[in-house]
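Here is the file query-v2.pdb (PDB, C-alpha atoms).
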ATOM      1  CA  MET Z 253     -17.203 -12.415  17.432
ATOM      2  CA  THR Z 254     -13.881 -14.244  17.819
ATOM      3  CA  GLU Z 255     -11.036 -12.752  19.826
ATOM      4  CA  ALA Z 256      -9.065 -12.190  16.612
ATOM      5  CA  ASP Z 257     -12.007 -10.350  15.023
ATOM      6  CA  ALA Z 258     -12.418  -8.228  18.137
ATOM      7  CA  LEU Z 259      -8.738  -7.300  18.207
ATOM      8  CA  LYS Z 260      -8.865  -6.358  14.541
ATOM      9  CA  LEU Z 261     -11.913  -4.186  15.140
ATOM     10  CA  PHE Z 262     -10.437  -2.467  18.208
ATOM     11  CA  LYS Z 263      -7.230  -1.754  16.345
ATOM     12  CA  VAL Z 264      -9.143  -0.187  13.485
ATOM     13  CA  LEU Z 265     -11.297   1.875  15.855
ATOM     14  CA  ALA Z 266      -8.286   3.308  17.694
ATOM     15  CA  ASP Z 267      -7.945   6.090  15.149
ATOM     16  CA  LYS Z 268      -9.608   9.474  15.294
ATOM     17  CA  SER Z 269     -10.097   9.820  11.527
ATOM     18  CA  ARG Z 270     -11.890   6.497  11.343
ATOM     19  CA  MET Z 271     -13.963   7.403  14.372
ATOM     20  CA  ARG Z 272     -15.004  10.629  12.590
ATOM     21  CA  ILE Z 273     -16.003   8.605   9.529
ATOM     22  CA  LEU Z 274     -18.157   6.351  11.711
ATOM     23  CA  LYS Z 275     -19.717   9.412  13.363
ATOM     24  CA  SER Z 276     -20.709  10.662   9.926
ATOM     25  CA  LEU Z 277     -22.053   7.300   8.815
ATOM     26  CA  ILE Z 278     -24.200   6.992  11.907
ATOM     27  CA  ILE Z 279     -26.159  10.006  10.612
ATOM     28  CA  GLU Z 280     -26.654   8.580   7.128
ATOM     29  CA  ASP Z 281     -24.998   6.487   4.426
ATOM     30  CA  MET Z 282     -22.429   8.456   2.455
ATOM     31  CA  TYR Z 283     -20.068   8.172  -0.514
ATOM     32  CA  VAL Z 284     -16.332   8.837  -0.484
ATOM     33  CA  GLU Z 285     -16.341  12.391  -1.879
ATOM     34  CA  ARG Z 286     -19.045  13.526   0.528
ATOM     35  CA  LEU Z 287     -17.114  12.136   3.490
ATOM     36  CA  ALA Z 288     -13.938  13.760   2.176
ATOM     37  CA  GLU Z 289     -15.625  17.148   2.000
ATOM     38  CA  ARG Z 290     -17.206  16.757   5.436
ATOM     39  CA  LEU Z 291     -14.018  15.702   7.166
ATOM     40  CA  ALA Z 292     -11.557  17.815   5.133
ATOM     41  CA  LEU Z 293      -9.531  14.781   4.079
ATOM     42  CA  THR Z 294      -8.594  13.693   0.570
ATOM     43  CA  PRO Z 295     -10.853  11.113  -1.146
ATOM     44  CA  ALA Z 296      -7.866   8.729  -1.303
ATOM     45  CA  THR Z 297      -7.377   8.957   2.464
ATOM     46  CA  ILE Z 298     -11.087   8.390   3.055
ATOM     47  CA  SER Z 299     -11.017   5.328   0.776
ATOM     48  CA  PHE Z 300      -8.039   4.002   2.700
ATOM     49  CA  HIS Z 301      -9.836   4.342   6.046
ATOM     50  CA  LEU Z 302     -13.081   2.907   4.647
ATOM     51  CA  LYS Z 303     -11.227  -0.150   3.375
ATOM     52  CA  LYS Z 304      -9.828  -0.766   6.873
ATOM     53  CA  LEU Z 305     -13.268  -0.300   8.417
ATOM     54  CA  GLU Z 306     -14.828  -2.597   5.845
ATOM     55  CA  ASP Z 307     -12.194  -5.316   6.407
ATOM     56  CA  ALA Z 308     -12.899  -5.175  10.137
ATOM     57  CA  GLY Z 309     -16.633  -5.499   9.498
ATOM     58  CA  ALA Z 310     -17.471  -2.020  10.823
ATOM     59  CA  VAL Z 311     -18.882  -0.673   7.566
ATOM     60  CA  THR Z 312     -20.360  -2.134   4.449
ATOM     61  CA  SER Z 313     -20.750  -0.781   0.933
ATOM     62  CA  TYR Z 314     -23.360  -0.960  -1.776
ATOM     63  CA  LYS Z 315     -23.788   0.563  -5.201
ATOM     64  CA  ASP Z 316     -26.373   3.306  -5.607
ATOM     65  CA  GLN Z 317     -26.583   4.598  -9.188
ATOM     66  CA  TYR Z 318     -23.143   6.148  -9.843
ATOM     67  CA  TYR Z 319     -21.953   6.094  -6.252
ATOM     68  CA  MET Z 320     -20.507   3.496  -3.942
ATOM     69  CA  MET Z 321     -22.320   4.176  -0.701
ATOM     70  CA  TYR Z 322     -20.966   3.237   2.715
ATOM     71  CA  SER Z 323     -23.051   2.414   5.740
ATOM     72  CA  LEU Z 324     -22.384   1.562   9.342
ATOM     73  CA  CYS Z 325     -22.715  -2.096  10.381
ATOM     74  CA  LYS Z 326     -24.684  -1.331  13.512
ATOM     75  CA  ASP Z 327     -24.871  -4.988  14.619
ATOM     76  CA  ILE Z 328     -21.159  -5.215  15.217
ATOM     77  CA  PHE Z 329     -21.329  -2.294  17.638
ATOM     78  CA  MET Z 330     -24.038  -4.006  19.652
ATOM     79  CA  THR Z 331     -21.551  -6.707  20.674
ATOM     80  CA  ASN Z 332     -20.999  -6.800  24.392
ATOM     81  CA  ILE Z 333     -17.320  -6.216  25.152
ATOM     82  CA  LEU Z 334     -17.630  -8.242  28.339
ATOM     83  CA  GLU Z 335     -18.680 -11.256  26.259
ATOM     84  CA  ILE Z 336     -15.552 -10.890  24.156
ATOM     85  CA  ILE Z 337     -13.363 -10.756  27.251
ATOM     86  CA  LYS Z 338     -15.103 -13.782  28.754
ATOM     87  CA  GLU Z 339     -14.713 -15.857  25.617
ATOM     88  CA  GLU Z 340     -12.434 -18.862  26.181
ATOM     89  CA  ALA Z 341      -9.810 -19.027  23.510
ATOM     90  CA  ASP Z 342      -9.292 -22.479  22.095
ATOM     91  CA  ASN Z 343      -5.551 -23.290  21.953
ATOM     92  CA  ALA Z 344      -5.771 -25.298  18.740
ATOM     93  CA  GLU Z 345      -7.867 -22.573  17.169
ATOM     94  CA  GLU Z 346      -5.361 -19.938  18.295
ATOM     95  CA  GLN Z 347      -2.471 -21.909  16.803
ATOM     96  CA  GLU Z 348      -4.413 -22.318  13.567
ATOM     97  CA  GLU Z 349      -5.067 -18.580  13.511
ATOM     98  CA  ARG Z 350      -1.354 -17.855  14.065
ATOM     99  CA  ASP Z 351      -0.428 -20.219  11.226
ATOM    100  CA  ARG Z 352      -3.002 -18.611   8.956
ATOM    101  CA  ASN Z 353      -1.671 -15.148   9.750
ATOM    102  CA  TYR Z 354       1.928 -16.213   9.192
ATOM    103  CA  ARG Z 355       0.989 -17.745   5.861
ATOM    104  CA  LYS Z 356      -0.831 -14.593   4.834
ATOM    105  CA  ARG Z 357       2.131 -12.410   5.805
ATOM    106  CA  VAL Z 358       4.526 -14.557   3.745
ATOM    107  CA  ILE Z 359       2.199 -14.523   0.738
ATOM    108  CA  ASP Z 360       1.624 -10.760   1.025
ATOM    109  CA  SER Z 361       5.311 -10.002   1.192
ATOM    110  CA  PHE Z 362       6.451 -12.294  -1.623
ATOM    111  CA  PHE Z 363       3.600 -11.777  -4.054
ATOM    112  CA  GLU Z 364       2.564  -8.502  -5.649
ATOM    113  CA  TYR Z 365      -0.584  -8.467  -7.730
ATOM    114  CA  GLY Z 366      -0.364 -12.208  -8.328
ATOM    115  CA  LYS Z 367       3.315 -12.215  -9.352
ATOM    116  CA  LEU Z 368       6.074 -13.717  -7.236
ATOM    117  CA  LYS Z 369       8.639 -10.977  -6.488
ATOM    118  CA  SER Z 370      11.421 -13.388  -5.471
ATOM    119  CA  ILE Z 371      11.859 -16.989  -4.377
ATOM    120  CA  PRO Z 372      12.221 -17.077  -0.576
ATOM    121  CA  ALA Z 373      15.572 -18.330   0.705
ATOM    122  CA  GLN Z 374      13.999 -19.799   3.828
ATOM    123  CA  ARG Z 375      12.613 -23.279   3.204
ATOM    124  CA  LYS Z 376       9.510 -22.808   5.363
ATOM    125  CA  LYS Z 377       8.569 -19.672   3.425
ATOM    126  CA  GLU Z 378       9.370 -21.231   0.066
ATOM    127  CA  ARG Z 379       7.074 -24.153   0.900
ATOM    128  CA  ILE Z 380       4.198 -21.698   1.495
ATOM    129  CA  ILE Z 381       4.923 -19.943  -1.798
ATOM    130  CA  LEU Z 382       5.098 -23.253  -3.697
ATOM    131  CA  GLU Z 383       1.803 -24.378  -2.192
ATOM    132  CA  GLU Z 384       0.243 -21.083  -3.238
ATOM    133  CA  ILE Z 385       1.420 -21.511  -6.842
ATOM    134  CA  ALA Z 386       0.301 -25.157  -6.788
ATOM    135  CA  LYS Z 387      -3.279 -23.947  -6.308
ATOM    136  CA  SER Z 388      -3.224 -23.316 -10.077
ATOM    137  CA  PHE Z 389      -2.834 -27.031 -10.732
ATOM    138  CA  GLU Z 390      -5.730 -29.413 -10.787
ATOM    139  CA  LYS Z 391      -5.104 -32.218  -8.315
ATOM    140  CA  GLY Z 392      -4.610 -35.584 -10.012
ATOM    141  CA  LYS Z 393      -4.556 -34.103 -13.526
ATOM    142  CA  GLU Z 394      -1.602 -35.040 -15.724
ATOM    143  CA  TYR Z 395       0.481 -32.193 -17.174
ATOM    144  CA  SER Z 396       3.325 -32.114 -19.669
ATOM    145  CA  GLU Z 397       6.505 -30.267 -18.644
ATOM    146  CA  LYS Z 398       5.632 -27.485 -21.068
ATOM    147  CA  ASP Z 399       2.185 -26.989 -19.488
ATOM    148  CA  ILE Z 400       3.708 -26.928 -16.013
ATOM    149  CA  ASN Z 401       6.290 -24.345 -17.109
ATOM    150  CA  ILE Z 402       3.643 -22.111 -18.664
ATOM    151  CA  ILE Z 403       1.564 -22.138 -15.491
ATOM    152  CA  ILE Z 404       4.560 -21.405 -13.248
ATOM    153  CA  ALA Z 405       5.890 -18.720 -15.614
ATOM    154  CA  ASP Z 406       2.716 -16.750 -14.912
ATOM    155  CA  PHE Z 407       4.080 -16.278 -11.400
ATOM    156  CA  HIS Z 408       7.843 -16.096 -11.920
ATOM    157  CA  ASP Z 409      10.368 -16.292 -14.754
ATOM    158  CA  ASP Z 410      12.501 -18.921 -13.031
ATOM    159  CA  PHE Z 411      10.016 -21.716 -13.661
ATOM    160  CA  CYS Z 412      12.760 -24.410 -13.729
ATOM    161  CA  THR Z 413      13.797 -23.792 -10.104
ATOM    162  CA  ILE Z 414      10.205 -23.630  -8.954
ATOM    163  CA  ARG Z 415       9.237 -26.794 -10.827
ATOM    164  CA  ARG Z 416      12.220 -28.704  -9.417
ATOM    165  CA  ASP Z 417      11.567 -27.436  -5.875
ATOM    166  CA  MET Z 418       7.936 -28.472  -6.160
ATOM    167  CA  ILE Z 419       9.059 -32.004  -6.915
ATOM    168  CA  SER Z 420      11.565 -32.136  -4.067
ATOM    169  CA  GLU Z 421       8.905 -30.735  -1.695
ATOM    170  CA  GLY Z 422       6.469 -33.450  -2.788
ATOM    171  CA  ILE Z 423       3.986 -30.960  -4.213
ATOM    172  CA  LEU Z 424       4.430 -32.269  -7.760
ATOM    173  CA  GLU Z 425       5.079 -35.838  -8.810
ATOM    174  CA  ARG Z 426       7.120 -36.614 -11.911
ATOM    175  CA  ASN Z 427       6.790 -39.773 -13.941
ATOM    176  CA  GLY Z 428       8.880 -39.540 -17.102
ATOM    177  CA  ASN Z 429       7.689 -36.388 -18.791
ATOM    178  CA  ILE Z 430       4.362 -36.362 -17.034
ATOM    179  CA  TYR Z 431       3.722 -34.241 -13.936
ATOM    180  CA  LYS Z 432       0.899 -34.577 -11.450
ATOM    181  CA  ALA Z 433      -0.108 -32.339  -8.528
ATOM    182  CA  ILE Z 434      -0.309 -34.345  -5.319
TER
ATOM    183  CA  MET U 159      23.710  34.174 -10.815
ATOM    184  CA  HIS U 160      21.218  31.640  -9.544
ATOM    185  CA  GLU U 161      22.403  31.641  -5.920
ATOM    186  CA  ASN U 162      19.271  33.481  -4.740
ATOM    187  CA  GLY U 163      16.997  30.992  -6.462
ATOM    188  CA  LYS U 164      18.942  28.121  -4.929
ATOM    189  CA  ILE U 165      18.640  29.592  -1.414
ATOM    190  CA  GLU U 166      14.933  30.311  -1.825
ATOM    191  CA  PHE U 167      14.140  26.855  -3.215
ATOM    192  CA  LEU U 168      16.087  25.087  -0.458
ATOM    193  CA  GLU U 169      14.305  27.236   2.109
ATOM    194  CA  TYR U 170      10.955  26.191   0.617
ATOM    195  CA  LEU U 171      11.938  22.491   0.765
ATOM    196  CA  ASP U 172      13.163  22.803   4.363
ATOM    197  CA  LEU U 173      10.077  24.682   5.509
ATOM    198  CA  SER U 174       7.768  22.209   3.766
ATOM    199  CA  PHE U 175       9.596  19.297   5.359
ATOM    200  CA  LYS U 176       9.438  20.956   8.782
ATOM    201  CA  SER U 177       5.715  21.554   8.355
ATOM    202  CA  THR U 178       5.122  17.849   7.534
ATOM    203  CA  GLN U 179       7.051  16.914  10.679
ATOM    204  CA  ASP U 180       4.909  19.244  12.820
ATOM    205  CA  GLU U 181       1.718  18.014  11.193
ATOM    206  CA  SER U 182       2.539  14.334  11.567
ATOM    207  CA  MET U 183       3.425  14.908  15.228
ATOM    208  CA  LYS U 184       0.099  16.670  15.764
ATOM    209  CA  LEU U 185      -1.800  13.871  13.991
ATOM    210  CA  MET U 186      -0.117  11.230  16.120
ATOM    211  CA  GLN U 187      -1.110  13.113  19.250
ATOM    212  CA  GLU U 188      -4.683  13.030  17.942
ATOM    213  CA  TYR U 189      -4.496   9.232  17.501
ATOM    214  CA  ARG U 190      -4.442   9.531  13.725
ATOM    215  CA  ASN U 191      -1.399   7.380  13.066
ATOM    216  CA  ASP U 192      -2.262   6.356   9.521
ATOM    217  CA  ASP U 193      -2.818   9.974   8.491
ATOM    218  CA  ALA U 194       0.474  10.855  10.206
ATOM    219  CA  ASN U 195       2.249   8.171   8.171
ATOM    220  CA  PHE U 196       0.842   9.601   4.945
ATOM    221  CA  ILE U 197       2.230  13.018   5.904
ATOM    222  CA  LYS U 198       5.610  11.403   6.574
ATOM    223  CA  VAL U 199       5.563  10.040   3.018
ATOM    224  CA  LYS U 200       5.084  13.620   1.834
ATOM    225  CA  GLY U 201       7.990  14.763   4.005
ATOM    226  CA  ASN U 202      10.245  12.089   2.514
ATOM    227  CA  ILE U 203       9.590  13.443  -0.974
ATOM    228  CA  TYR U 204      10.771  16.939   0.049
ATOM    229  CA  GLN U 205      13.938  15.383   1.429
ATOM    230  CA  ILE U 206      14.579  13.219  -1.619
ATOM    231  CA  PHE U 207      14.287  16.205  -3.942
ATOM    232  CA  LYS U 208      16.417  18.372  -1.702
ATOM    233  CA  THR U 209      19.215  15.806  -2.105
ATOM    234  CA  VAL U 210      18.627  15.580  -5.851
ATOM    235  CA  PHE U 211      18.547  19.370  -6.200
ATOM    236  CA  LEU U 212      21.783  19.851  -4.219
ATOM    237  CA  GLY U 213      23.455  17.246  -6.408
ATOM    238  CA  VAL U 214      22.454  19.220  -9.482
ATOM    239  CA  ALA U 215      22.857  22.788  -8.228
ATOM    240  CA  ASN U 216      26.303  22.168  -6.717
ATOM    241  CA  GLN U 217      27.775  21.200 -10.070
ATOM    242  CA  LYS U 218      29.994  24.194 -10.742
ATOM    243  CA  ALA U 219      30.026  23.700 -14.494
ATOM    244  CA  LEU U 220      26.252  24.200 -14.809
ATOM    245  CA  ASP U 221      24.728  27.610 -15.411
ATOM    246  CA  LYS U 222      21.213  28.606 -14.355
ATOM    247  CA  GLU U 223      19.516  27.195 -17.455
ATOM    248  CA  ALA U 224      21.449  23.926 -17.298
ATOM    249  CA  VAL U 225      20.542  23.458 -13.616
ATOM    250  CA  LYS U 226      16.890  23.966 -14.488
ATOM    251  CA  GLU U 227      17.045  21.541 -17.391
ATOM    252  CA  LEU U 228      18.808  18.797 -15.439
ATOM    253  CA  PHE U 229      16.653  19.148 -12.319
ATOM    254  CA  VAL U 230      13.418  19.148 -14.346
ATOM    255  CA  SER U 231      14.560  16.033 -16.189
ATOM    256  CA  LYS U 232      15.291  14.338 -12.827
ATOM    257  CA  MET U 233      11.788  15.296 -11.673
ATOM    258  CA  GLU U 234      10.448  13.507 -14.711
ATOM    259  CA  THR U 235      12.575  10.369 -14.578
ATOM    260  CA  ILE U 236      12.519   9.672 -10.826
ATOM    261  CA  PRO U 237       8.721   9.263 -10.563
ATOM    262  CA  ALA U 238       8.467   6.923 -13.574
ATOM    263  CA  ASN U 239       8.310   3.899 -11.258
ATOM    264  CA  TRP U 240       5.837   5.643  -8.965
ATOM    265  CA  LYS U 241       3.516   6.166 -11.913
ATOM    266  CA  LYS U 242       3.839   2.533 -12.913
ATOM    267  CA  SER U 243       3.207   1.425  -9.352
ATOM    268  CA  TYR U 244       0.198   3.787  -9.133
ATOM    269  CA  GLU U 245      -1.315   2.361 -12.321
ATOM    270  CA  ASN U 246      -0.748  -1.177 -11.064
ATOM    271  CA  ALA U 247      -2.317  -0.358  -7.712
ATOM    272  CA  ARG U 248      -5.360   1.105  -9.460
ATOM    273  CA  LYS U 249      -5.667  -1.967 -11.621
ATOM    274  CA  PHE U 250      -5.730  -4.188  -8.537
ATOM    275  CA  ASN U 251      -7.629  -1.713  -6.352
ATOM    276  CA  ASP U 252      -4.833  -1.670  -3.789
ATOM    277  CA  ILE U 253      -6.194   1.303  -1.812
ATOM    278  CA  GLU U 254      -3.194   1.782   0.476
ATOM    279  CA  LYS U 255      -0.733   1.859  -2.401
ATOM    280  CA  ILE U 256      -2.987   4.132  -4.462
ATOM    281  CA  THR U 257      -3.068   6.606  -1.569
ATOM    282  CA  ILE U 258       0.699   6.551  -1.056
ATOM    283  CA  GLU U 259       1.584   6.852  -4.744
ATOM    284  CA  GLU U 260      -0.938   9.667  -5.139
ATOM    285  CA  ILE U 261       0.671  11.588  -2.270
ATOM    286  CA  LYS U 262       4.132  11.117  -3.774
ATOM    287  CA  LEU U 263       3.040  12.283  -7.217
ATOM    288  CA  GLN U 264       1.036  15.260  -5.904
ATOM    289  CA  THR U 265       3.934  16.375  -3.704
ATOM    290  CA  LEU U 266       6.317  16.164  -6.622
ATOM    291  CA  GLU U 267       3.917  18.203  -8.762
ATOM    292  CA  GLU U 268       3.898  20.889  -6.070
ATOM    293  CA  ILE U 269       7.709  20.822  -5.825
ATOM    294  CA  GLN U 270       8.059  21.087  -9.591
ATOM    295  CA  SER U 271       5.759  24.077  -9.975
ATOM    296  CA  THR U 272       7.326  25.860  -6.999
ATOM    297  CA  PHE U 273      10.803  25.265  -8.402
ATOM    298  CA  LEU U 274       9.877  26.657 -11.816
ATOM    299  CA  ARG U 275       8.262  29.731 -10.237
ATOM    300  CA  ILE U 276      11.286  30.460  -8.029
ATOM    301  CA  TRP U 277      13.809  29.727 -10.785
ATOM    302  CA  GLU U 278      12.119  31.935 -13.374
ATOM    303  CA  ARG U 279      12.155  35.006 -11.186
ATOM    304  CA  SER U 280      15.604  34.491  -9.650
TER
END
Write-out of the structure in structure tokens:
Amino acid sequence: MTEADALKLFKVLADKSRMRILKSLIIEDMYVERLAERLALTPATISFHLKKLEDAGAVTSYKDQYYMMYSLCKDIFMTNILEIIKEEADNAEEQEERDRNYRKRVIDSFFEYGKLKSIPAQRKKERIILEEIAKSFEKGKEYSEKDINIIIADFHDDFCTIRRDMISEGILERNGNIYKAI
Amino acid sequence: MHENGKIEFLEYLDLSFKSTQDESMKLMQEYRNDDANFIKVKGNIYQIFKTVFLGVANQKALDKEAVKELFVSKMETIPANWKKSYENARKFNDIEKITIEEIKLQTLEEIQSTFLRIWERS
């Protein structure tokens, strides 16, 4: 388990409601409504906590007839905490992790359900957003301006600004009326 | 005169808000911060509708029926975006947003039915 994974898990575990869910799941696998009844919480709240537990690798889910069942990932709890503390953190890896997290935060705050909410004013953030949109282009493939606009318009109405910024950022290359993702 | 109804409804909103504050404090002491935050969302809804209600009920030109009509219409228009956001969250299985929008809509439903009950008998 990496240090980042451990921190994520500890953070998730530092909550009494989630601990109560885990205490229930250690007895047997359960579905949302059953947990809600047992713990006197709403099904929506239980789902919220289960999602956090699942993201941290503490629980897993599987489909059983009509129900989505949740079970405890026992292996993760067998990890020796001392081993996690002893683990030497690699500086380059740490920096990479920080960059990844920053990128994720920018993407999460500027995109909602796949749509760009606004174009960031900060260049560093805009670059991340442009790179994210550019994932929809096939590298090396030639596109007409119309095709490029249609693809960008799926993310944001101001496709002209985005297209132009992609060129100035070196993400797109323009040759006459033909565009290519670099 | 709808003064009694106004006092009773405001009392209900204040008490409900106070109870969410107490509950969220208790939850935080129990290390249940996420649950406490959900309760705070509920508390915010009581406060929003207290402000909306005062804005409506303090209009001198409105009689009891007109206050009811205007306040009910506000309770229908204000959550339109919440409903949209809830539907969107469901579509994309955004659990956190689903939970929050559900709390907002359920709290409003409770406020609406309490208002109608108090207003009818005042």
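Closest to U:Phe175 among U:Arg279, U:Lys241, U:Lys232, U:Lys200 is U:Lys200, based on all atoms listed in the file.
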Set the cut-off to 9 Å and count all atoms listed in the file: what are the residues of chain U that reach chain Z? Output as a PyMOL selection string. chain U and resi 188-193+196+246-247+250+252-254+256-258+260
Computed interatomic separation between atom CA of U:Phe167 and atom CA of U:Leu274 (Å):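 These atoms are spaced 9.6 Å apart.
Residues matched by the PyMOL selection byres ((chain Z and resi 278) around 12) in this structure: Met271, Arg272, Ile273, Leu274, Lys275, Ser276, Leu277, Ile279, Glu280, Asp281, Met282, Ala310, Val311, Tyr322, Ser323, Leu324, Cys325, Lys326 and Phe329 of chain Z.
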For the residues selected in the previous step, produce a file with C-alpha atoms as a compact mmCIF listing (two decimals), keeping the file's coordinate frame.
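Contents of part15.txt, freshly written:
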# COMPACT_ATOMS: atom_id res chain seq x y z
CA MET Z 271 -13.96 7.40 14.37
CA ARG Z 272 -15.00 10.63 12.59
CA ILE Z 273 -16.00 8.60 9.53
CA LEU Z 274 -18.16 6.35 11.71
CA LYS Z 275 -19.72 9.41 13.36
CA SER Z 276 -20.71 10.66 9.93
CA LEU Z 277 -22.05 7.30 8.82
CA ILE Z 279 -26.16 10.01 10.61
CA GLU Z 280 -26.65 8.58 7.13
CA ASP Z 281 -25.00 6.49 4.43
CA MET Z 282 -22.43 8.46 2.46
CA ALA Z 310 -17.47 -2.02 10.82
CA VAL Z 311 -18.88 -0.67 7.57
CA TYR Z 322 -20.97 3.24 2.72
CA SER Z 323 -23.05 2.41 5.74
CA LEU Z 324 -22.38 1.56 9.34
CA CYS Z 325 -22.72 -2.10 10.38
CA LYS Z 326 -24.68 -1.33 13.51
CA PHE Z 329 -21.33 -2.29 17.64
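Distance annotation: of U:Ile269, U:Ile197, U:Ala215, U:Leu228, the residue with the minimal separation from U:Asn162 is U:Ala215; atom set is all atoms listed in the file.
Neighbouring residues of Z:Asp417 at 10 Å or closer, counting only C-alpha atoms and skipping chain neighbours under 6 positions away, are Z:Glu378, Z:Arg379, Z:Leu382, Z:Phe411, Z:Ile423, Z:Leu424.
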Please provide the set of residues having any atom within 12 Å of Z:Ile400, restricted to all atoms listed in the file, with same-chain residues fewer than 2 positions apart removed, written as an MDAnalysis selection string. chainID Z and resid 385:386 388:390 393:398 402:407 411:412 414:416 418:419 424:426 429:433
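You will find atom CA of U:Gly213 at 16.9 Å from atom CA of U:Tyr170.
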Reconstructed stretch 250-271 of chain U, atom set N, CA and C atoms, as a PDB file, in the coordinates of the input:
ATOM      1  N   PHE U 250      -5.400  -3.150  -9.513  1.00  0.00           N
ATOM      2  CA  PHE U 250      -5.730  -4.188  -8.537  1.00  0.00           C
ATOM      3  C   PHE U 250      -6.463  -3.629  -7.314  1.00  0.00           C
ATOM      4  N   ASN U 251      -6.891  -2.382  -7.430  1.00  0.00           N
ATOM      5  CA  ASN U 251      -7.629  -1.713  -6.352  1.00  0.00           C
ATOM      6  C   ASN U 251      -6.932  -1.836  -4.994  1.00  0.00           C
ATOM      7  N   ASP U 252      -5.628  -1.629  -5.017  1.00  0.00           N
ATOM      8  CA  ASP U 252      -4.833  -1.670  -3.789  1.00  0.00           C
ATOM      9  C   ASP U 252      -4.876  -0.260  -3.181  1.00  0.00           C
ATOM     10  N   ILE U 253      -5.898  -0.042  -2.320  1.00  0.00           N
ATOM     11  CA  ILE U 253      -6.194   1.303  -1.812  1.00  0.00           C
ATOM     12  C   ILE U 253      -5.008   1.961  -1.105  1.00  0.00           C
ATOM     13  N   GLU U 254      -4.307   1.190  -0.282  1.00  0.00           N
ATOM     14  CA  GLU U 254      -3.194   1.782   0.476  1.00  0.00           C
ATOM     15  C   GLU U 254      -2.100   2.285  -0.467  1.00  0.00           C
ATOM     16  N   LYS U 255      -1.782   1.468  -1.451  1.00  0.00           N
ATOM     17  CA  LYS U 255      -0.733   1.859  -2.401  1.00  0.00           C
ATOM     18  C   LYS U 255      -1.197   3.046  -3.256  1.00  0.00           C
ATOM     19  N   ILE U 256      -2.454   3.021  -3.659  1.00  0.00           N
ATOM     20  CA  ILE U 256      -2.987   4.132  -4.462  1.00  0.00           C
ATOM     21  C   ILE U 256      -2.787   5.426  -3.679  1.00  0.00           C
ATOM     22  N   THR U 257      -3.163   5.406  -2.397  1.00  0.00           N
ATOM     23  CA  THR U 257      -3.068   6.606  -1.569  1.00  0.00           C
ATOM     24  C   THR U 257      -1.618   7.087  -1.483  1.00  0.00           C
ATOM     25  N   ILE U 258      -0.713   6.167  -1.217  1.00  0.00           N
ATOM     26  CA  ILE U 258       0.699   6.551  -1.056  1.00  0.00           C
ATOM     27  C   ILE U 258       1.282   7.094  -2.358  1.00  0.00           C
ATOM     28  N   GLU U 259       1.020   6.399  -3.470  1.00  0.00           N
ATOM     29  CA  GLU U 259       1.584   6.852  -4.744  1.00  0.00           C
ATOM     30  C   GLU U 259       0.986   8.200  -5.156  1.00  0.00           C
ATOM     31  N   GLU U 260      -0.287   8.395  -4.831  1.00  0.00           N
ATOM     32  CA  GLU U 260      -0.938   9.667  -5.139  1.00  0.00           C
ATOM     33  C   GLU U 260      -0.269  10.800  -4.369  1.00  0.00           C
ATOM     34  N   ILE U 261       0.012  10.566  -3.101  1.00  0.00           N
ATOM     35  CA  ILE U 261       0.671  11.588  -2.270  1.00  0.00           C
ATOM     36  C   ILE U 261       2.043  11.927  -2.851  1.00  0.00           C
ATOM     37  N   LYS U 262       2.784  10.891  -3.235  1.00  0.00           N
ATOM     38  CA  LYS U 262       4.132  11.117  -3.774  1.00  0.00           C
ATOM     39  C   LYS U 262       4.064  11.954  -5.053  1.00  0.00           C
ATOM     40  N   LEU U 263       3.138  11.575  -5.934  1.00  0.00           N
ATOM     41  CA  LEU U 263       3.040  12.283  -7.217  1.00  0.00           C
ATOM     42  C   LEU U 263       2.540  13.715  -7.037  1.00  0.00           C
ATOM     43  N   GLN U 264       1.559  13.903  -6.139  1.00  0.00           N
ATOM     44  CA  GLN U 264       1.036  15.260  -5.904  1.00  0.00           C
ATOM     45  C   GLN U 264       2.103  16.153  -5.288  1.00  0.00           C
ATOM     46  N   THR U 265       2.879  15.582  -4.353  1.00  0.00           N
ATOM     47  CA  THR U 265       3.934  16.375  -3.704  1.00  0.00           C
ATOM     48  C   THR U 265       4.980  16.782  -4.734  1.00  0.00           C
ATOM     49  N   LEU U 266       5.325  15.846  -5.601  1.00  0.00           N
ATOM     50  CA  LEU U 266       6.317  16.164  -6.622  1.00  0.00           C
ATOM     51  C   LEU U 266       5.789  17.263  -7.555  1.00  0.00           C
ATOM     52  N   GLU U 267       4.519  17.187  -7.889  1.00  0.00           N
ATOM     53  CA  GLU U 267       3.917  18.203  -8.762  1.00  0.00           C
ATOM     54  C   GLU U 267       4.048  19.587  -8.117  1.00  0.00           C
ATOM     55  N   GLU U 268       3.788  19.627  -6.816  1.00  0.00           N
ATOM     56  CA  GLU U 268       3.898  20.889  -6.070  1.00  0.00           C
ATOM     57  C   GLU U 268       5.351  21.380  -6.075  1.00  0.00           C
ATOM     58  N   ILE U 269       6.285  20.451  -5.844  1.00  0.00           N
ATOM     59  CA  ILE U 269       7.709  20.822  -5.825  1.00  0.00           C
ATOM     60  C   ILE U 269       8.121  21.370  -7.189  1.00  0.00           C
ATOM     61  N   GLN U 270       7.678  20.692  -8.230  1.00  0.00           N
ATOM     62  CA  GLN U 270       8.059  21.087  -9.591  1.00  0.00           C
ATOM     63  C   GLN U 270       7.554  22.496  -9.926  1.00  0.00           C
ATOM     64  N   SER U 271       6.279  22.755  -9.613  1.00  0.00           N
ATOM     65  CA  SER U 271       5.759  24.077  -9.975  1.00  0.00           C
ATOM     66  C   SER U 271       6.388  25.163  -9.115  1.00  0.00           C
TER      67      SER U 271
END
